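The structure under discussion appears below in the form of structure tokens.
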Amino acid sequence: MREFDLIKTHFTDWSTNCSNLKLGIGDDCLVWQGDQPLVISTDTAVQGVHFPEQARPDQVASRAFLSALSDLAAMGASADFFTLALSLPADLTDHWLSEFAKQLRVLAQQYQIVLAGGDTTRSKLITVTISVHGCVAKPLLRSGAIAGDDIWVTGRLGGAAAALPTILASYDETSGDANLGTQAVSAKTSIPSQWLNAYWQPDIPMLFAKQASSLLNSAIDISDGLMGDAGHLARASQVDLEFDIHALPLAEQLQPNVPQHLALALAGGDDYQLCFTATKAARQSITLLAESINQPVSLVGRVVRGNGDVRWYDGTHQIKPALQGYQHF
């Protein structure tokens, strides 16, 4: 299929209900005109690195799209439009593209974000690059944490990392069966379905982040593991962060007193939840907002004066986990 046929068949006639988008797919550039600061983030997902080589097309769409969207949540921004760049092997089937596009469209509708443009090219591996764009009057930054703040996280941690070995083993055992789905993996291994969902379709806390942004001082999305990402926030804000490991909201069937389970939550990555700070005065408002939209949040530590360090406590005793977050290189 030629490039423009591919675009016409799979990526046009999508909803474009976005008043600031003046011109979308079909010209050399998209045209956007808004009255608030525009925040932009770009994520690239490469076959064999960010998703298994034989992952289903709908799974690839979810992994690539949701990881990018998580960055908008960390800024407290709305999700307005995104662009899509696809690098595809010559022998990729039209069915693969159809299923990929179908899932991407479902997610775009779910999060009310418009596909506004992109590019396609030939490649040996499937590579998906998504740039998400959103608006927010006052973007949340990593550099806003203040001594005396509470530290919070959304959702649960460690489930995606816990699921990954089983997912990879399942593809190996079936000689790369591209039709192996979530239910089949779950039935074969009896691991919690929540772990699989956390890997393939993390629940991005977009609504909470947008509604809570005025209550927060800083935020970062947990993509490379809480240990590494908390360090980024601490250094950007030039404060120290102190965490209570017993307060961490671990994924179902992960126990905080099991060392390898704690490692999954601290350094496993792929959680796509938020770590954020706010004043103690905001505790009740944050809790009430989270309850009103059914968004799990957990108070997990405090911000103190310092120079960018992160400390972990088991009760009153400081511990030093020999771990680090995911490294891209």
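Letters A, B, ... go to the chains of the structure tokens in the order shown; residues in each chain start at 1; ligands are counted from 1 in the same order.
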Tell me which protein, DNA and RNA residues are within 7 Å of Ala145 in chain A, counting only C-alpha atoms, leaving out same-chain ones fewer than 4 positions away, and put them as a JSON list (two decimals) with all heavy atoms, in the first residue's frame.
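The file below, part-v2.json, is the result:
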[["chain", "number", "residue", "atom", "x", "y", "z"],
["A", 149, "ASP", "N", 6.49, 19.94, 51.88],
["A", 149, "ASP", "CA", 5.47, 19.30, 51.05],
["A", 149, "ASP", "C", 5.29, 17.83, 51.43],
["A", 149, "ASP", "O", 6.22, 17.17, 51.88],
["A", 149, "ASP", "CB", 5.88, 19.34, 49.56],
["A", 149, "ASP", "CG", 5.51, 20.65, 48.88],
["A", 149, "ASP", "OD1", 4.96, 21.54, 49.54],
["A", 149, "ASP", "OD2", 5.78, 20.76, 47.67],
["A", 217, "ASN", "N", 2.43, 21.34, 43.77],
["A", 217, "ASN", "CA", 3.63, 22.16, 43.58],
["A", 217, "ASN", "C", 4.58, 21.59, 42.53],
["A", 217, "ASN", "O", 5.33, 22.35, 41.89],
["A", 217, "ASN", "CB", 4.38, 22.32, 44.90],
["A", 217, "ASN", "CG", 3.66, 23.24, 45.87],
["A", 217, "ASN", "OD1", 2.91, 24.11, 45.45],
["A", 217, "ASN", "ND2", 3.88, 23.04, 47.16],
["A", 218, "SER", "N", 4.59, 20.27, 42.37],
["A", 218, "SER", "CA", 5.48, 19.65, 41.40],
["A", 218, "SER", "C", 4.93, 18.28, 41.03],
["A", 218, "SER", "O", 4.10, 17.71, 41.75],
["A", 218, "SER", "CB", 6.90, 19.49, 41.97],
["A", 218, "SER", "OG", 6.90, 18.53, 43.03],
["A", 237, "SER", "N", 14.28, 20.23, 41.89],
["A", 237, "SER", "CA", 13.77, 21.14, 42.92],
["A", 237, "SER", "C", 14.81, 21.50, 43.96],
["A", 237, "SER", "O", 14.57, 22.38, 44.80],
["A", 237, "SER", "CB", 12.57, 20.51, 43.64],
["A", 237, "SER", "OG", 11.47, 20.35, 42.77],
["A", 277, "THR", "N", 4.05, 16.45, 44.54],
["A", 277, "THR", "CA", 4.15, 17.02, 45.88],
["A", 277, "THR", "C", 3.13, 18.15, 46.03],
["A", 277, "THR", "O", 2.75, 18.80, 45.05],
["A", 277, "THR", "CB", 5.56, 17.57, 46.17],
["A", 277, "THR", "OG1", 5.77, 18.80, 45.45],
["A", 277, "THR", "CG2", 6.63, 16.56, 45.77]]
Top pick for closest residue to Gln36 in chain A, considering A:Asp119, A:Asp80, A:Glu291, A:Asp309 and counting only C-alpha atoms: A:Asp80
Which residues are close to Pro37 in chain A, i.e. within 9 Å by only C-alpha atoms, leaving aside same-chain residues fewer than 4 positions away? Reply as a PyMOL selection string. chain A and resi 134-139
I need the residues in range 92-264 of chain A that are strand (DSSP E or B) according to DSSP; give them as an NGL selection string. :A and (114-122 or 127-135 or 150-154 or 157 or 218-222 or 239-244 or 250)
Taking 3 positions as the minimum chain separation for residues in the same chain, which residues sit within 9 Å of range 304-307 of chain A when counting only C-alpha atoms? Answer as a list in words.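 Listed by chain and then number, they are Ile146, Ala147, Gly148, Asp149, Ala234, Arg235, Ser237, Gln238, Val239, Asp240, Leu241 and Glu242 of chain A.
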Could the residues in this selection be written to a file with all heavy atoms, as a CSV table (one decimal), in the first residue's frame?
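Written file, part.csv:
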chain,number,residue,atom,x,y,z
A,146,ILE,N,8.7,21.9,47.4
A,146,ILE,CA,9.1,22.8,48.5
A,146,ILE,C,9.3,22.0,49.8
A,146,ILE,O,8.4,21.1,50.1
A,146,ILE,CB,8.1,23.9,48.7
A,146,ILE,CG1,7.9,24.7,47.4
A,146,ILE,CG2,8.5,24.8,49.9
A,146,ILE,CD1,6.7,25.7,47.5
A,147,ALA,N,10.3,22.3,50.6
A,147,ALA,CA,10.5,21.7,51.9
A,147,ALA,C,9.2,21.8,52.7
A,147,ALA,O,8.6,22.9,52.8
A,147,ALA,CB,11.7,22.2,52.6
A,148,GLY,N,8.7,20.7,53.3
A,148,GLY,CA,7.5,20.7,54.0
A,148,GLY,C,6.3,20.1,53.2
A,148,GLY,O,5.3,19.7,53.8
A,149,ASP,N,6.5,19.9,51.9
A,149,ASP,CA,5.5,19.3,51.0
A,149,ASP,C,5.3,17.8,51.4
A,149,ASP,O,6.2,17.2,51.9
A,149,ASP,CB,5.9,19.3,49.6
A,149,ASP,CG,5.5,20.6,48.9
A,149,ASP,OD1,5.0,21.5,49.5
A,149,ASP,OD2,5.8,20.8,47.7
A,234,ALA,N,13.7,15.4,42.7
A,234,ALA,CA,14.5,16.0,43.8
A,234,ALA,C,15.6,16.9,43.3
A,234,ALA,O,15.8,18.0,43.9
A,234,ALA,CB,15.1,14.9,44.7
A,235,ARG,N,16.3,16.5,42.3
A,235,ARG,CA,17.4,17.3,41.8
A,235,ARG,C,16.9,18.6,41.1
A,235,ARG,O,17.5,19.7,41.2
A,235,ARG,CB,18.3,16.5,40.8
A,235,ARG,CG,19.1,15.4,41.5
A,235,ARG,CD,20.1,14.7,40.6
A,235,ARG,NE,19.4,13.9,39.6
A,235,ARG,CZ,19.0,12.6,39.9
A,235,ARG,NH1,19.2,12.1,41.0
A,235,ARG,NH2,18.4,11.9,38.9
A,237,SER,N,14.3,20.2,41.9
A,237,SER,CA,13.8,21.1,42.9
A,237,SER,C,14.8,21.5,44.0
A,237,SER,O,14.6,22.4,44.8
A,237,SER,CB,12.6,20.5,43.6
A,237,SER,OG,11.5,20.4,42.8
A,238,GLN,N,16.0,20.8,43.9
A,238,GLN,CA,17.0,21.0,44.9
A,238,GLN,C,16.5,20.9,46.3
A,238,GLN,O,16.7,21.8,47.2
A,238,GLN,CB,17.7,22.4,44.7
A,238,GLN,CG,18.8,22.3,43.6
A,238,GLN,CD,19.9,21.3,43.9
A,238,GLN,OE1,20.7,21.6,44.7
A,238,GLN,NE2,19.8,20.2,43.2
A,239,VAL,N,15.8,19.8,46.6
A,239,VAL,CA,15.3,19.4,47.9
A,239,VAL,C,15.6,17.9,48.0
A,239,VAL,O,15.9,17.2,47.1
A,239,VAL,CB,13.8,19.6,48.0
A,239,VAL,CG1,13.5,21.1,48.0
A,239,VAL,CG2,13.0,18.9,46.9
A,240,ASP,N,15.4,17.4,49.2
A,240,ASP,CA,15.5,15.9,49.5
A,240,ASP,C,14.1,15.3,49.6
A,240,ASP,O,13.2,16.0,50.2
A,240,ASP,CB,16.3,15.6,50.7
A,240,ASP,CG,17.8,15.9,50.5
A,240,ASP,OD1,18.2,16.3,49.4
A,240,ASP,OD2,18.6,15.8,51.5
A,241,LEU,N,13.9,14.1,49.2
A,241,LEU,CA,12.7,13.4,49.3
A,241,LEU,C,12.9,12.2,50.2
A,241,LEU,O,13.8,11.4,50.1
A,241,LEU,CB,12.2,12.9,47.9
A,241,LEU,CG,12.1,13.9,46.8
A,241,LEU,CD1,11.5,13.3,45.6
A,241,LEU,CD2,11.2,15.1,47.2
A,242,GLU,N,11.9,12.0,51.2
A,242,GLU,CA,12.0,10.9,52.1
A,242,GLU,C,10.7,10.1,51.9
A,242,GLU,O,9.6,10.6,52.1
A,242,GLU,CB,12.2,11.4,53.5
A,242,GLU,CG,13.5,12.1,53.7
A,242,GLU,CD,13.7,12.6,55.2
A,242,GLU,OE1,12.7,12.6,56.0
A,242,GLU,OE2,14.8,12.9,55.5
Near-Trp312 in chain A list (6 Å; only C-alpha atoms; drop same-chain fewer than 2 positions) as a list in words: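 Close residues of Trp312 in chain A: Glu242, Phe243, Gln318 and Ile319 of chain A.
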So that each row is one residue of range 103-204 of chain A with an atom at most 7 Å from range 262-271 of chain A, can you give its shortest atom pair and the distance in Å to one decimal, using only C-alpha atoms, rows by chain and rising number, as JSON lines?
{"residue": "A:Leu157", "atom": "CA", "partner": "A:Ala265", "partner_atom": "CA", "distance": 5.0}
{"residue": "A:Gly158", "atom": "CA", "partner": "A:Ala265", "partner_atom": "CA", "distance": 3.9}
{"residue": "A:Ala160", "atom": "CA", "partner": "A:Asp270", "partner_atom": "CA", "distance": 6.0}
{"residue": "A:Ala161", "atom": "CA", "partner": "A:Gly268", "partner_atom": "CA", "distance": 4.9}
{"residue": "A:Ala162", "atom": "CA", "partner": "A:Leu264", "partner_atom": "CA", "distance": 6.5}
{"residue": "A:Ala198", "atom": "CA", "partner": "A:Asp271", "partner_atom": "CA", "distance": 6.9}
{"residue": "A:Tyr199", "atom": "CA", "partner": "A:Asp270", "partner_atom": "CA", "distance": 6.8}
Within range 53-160 of chain A, find each residue whose DSSP state, derived from the backbone, is alpha helix (DSSP H), and express the selection as a VMD selection string. chain A and resid 57 to 74 94 to 110 159 to 160
Point out the residue among A:Thr287, A:Ser193, A:Ser87, A:Ser143 with the least atom-to-atom distance to Arg122 in chain A, counting only C-alpha atoms. A:Ser87
Point out the residue among A:Ala85, A:Ile220, A:Leu248, A:Ala116 with the least atom-to-atom distance to Val31 in chain A, counting only C-alpha atoms.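 The closest residue to Val31 in chain A is A:Ala116.
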Closest of A:Arg302, A:Lys280, A:His50, A:Arg156 to Leu250 in chain A, counting only C-alpha atoms, is A:Arg156
Residues near Gly48 in chain A, anyone? I mean within 12 Å using only C-alpha atoms, not counting same-chain ones fewer than 3 positions away, as a tab-separated table (two decimals) with N, CA, C and O atoms, in the first residue's frame.
chain	number	residue	atom	x	y	z
A	45	ALA	N	8.52	4.41	20.42
A	45	ALA	CA	8.44	3.01	20.82
A	45	ALA	C	9.00	2.16	19.68
A	45	ALA	O	8.52	2.23	18.55
A	51	PHE	N	8.28	-2.86	23.14
A	51	PHE	CA	7.21	-3.85	23.10
A	51	PHE	C	7.76	-5.10	22.44
A	51	PHE	O	8.68	-5.03	21.60
A	52	PRO	N	7.26	-6.29	22.81
A	52	PRO	CA	7.77	-7.54	22.24
A	52	PRO	C	7.61	-7.55	20.72
A	52	PRO	O	6.68	-6.97	20.16
A	53	GLU	N	8.53	-8.24	20.05
A	53	GLU	CA	8.53	-8.24	18.59
A	53	GLU	C	7.23	-8.76	18.00
A	53	GLU	O	6.82	-8.34	16.92
A	54	GLN	N	6.57	-9.70	18.70
A	54	GLN	CA	5.35	-10.30	18.17
A	54	GLN	C	4.09	-9.77	18.86
A	54	GLN	O	3.04	-10.41	18.82
A	55	ALA	N	4.18	-8.62	19.49
A	55	ALA	CA	3.00	-8.04	20.14
A	55	ALA	C	1.91	-7.76	19.11
A	55	ALA	O	2.19	-7.43	17.96
A	60	VAL	N	0.53	-2.75	20.60
A	60	VAL	CA	1.55	-1.77	20.21
A	60	VAL	C	0.97	-0.36	20.27
A	60	VAL	O	1.62	0.57	20.79
A	124	LYS	N	13.12	-1.49	8.81
A	124	LYS	CA	13.22	-2.92	9.09
A	124	LYS	C	12.40	-3.31	10.31
A	124	LYS	O	11.93	-4.44	10.42
A	125	LEU	N	12.26	-2.40	11.26
A	125	LEU	CA	11.50	-2.64	12.49
A	125	LEU	C	10.31	-1.70	12.57
A	125	LEU	O	10.35	-0.59	12.01
A	126	ILE	N	9.30	-2.11	13.30
A	126	ILE	CA	8.17	-1.21	13.58
A	126	ILE	C	8.63	-0.18	14.61
A	126	ILE	O	9.10	-0.53	15.70
A	127	THR	N	8.50	1.07	14.26
A	127	THR	CA	8.82	2.16	15.18
A	127	THR	C	7.65	3.14	15.17
A	127	THR	O	7.21	3.57	14.11
A	168	LEU	N	7.07	-12.03	28.04
A	168	LEU	CA	8.15	-12.41	27.13
A	168	LEU	C	8.27	-13.92	27.02
A	168	LEU	O	8.47	-14.45	25.92
A	171	TYR	N	5.55	-15.42	24.72
A	171	TYR	CA	5.82	-15.31	23.29
A	171	TYR	C	6.85	-16.33	22.85
A	171	TYR	O	6.73	-16.95	21.80
A	176	GLY	N	6.45	-17.07	19.18
A	176	GLY	CA	6.07	-15.72	18.73
A	176	GLY	C	4.68	-15.67	18.17
A	176	GLY	O	4.45	-15.09	17.13
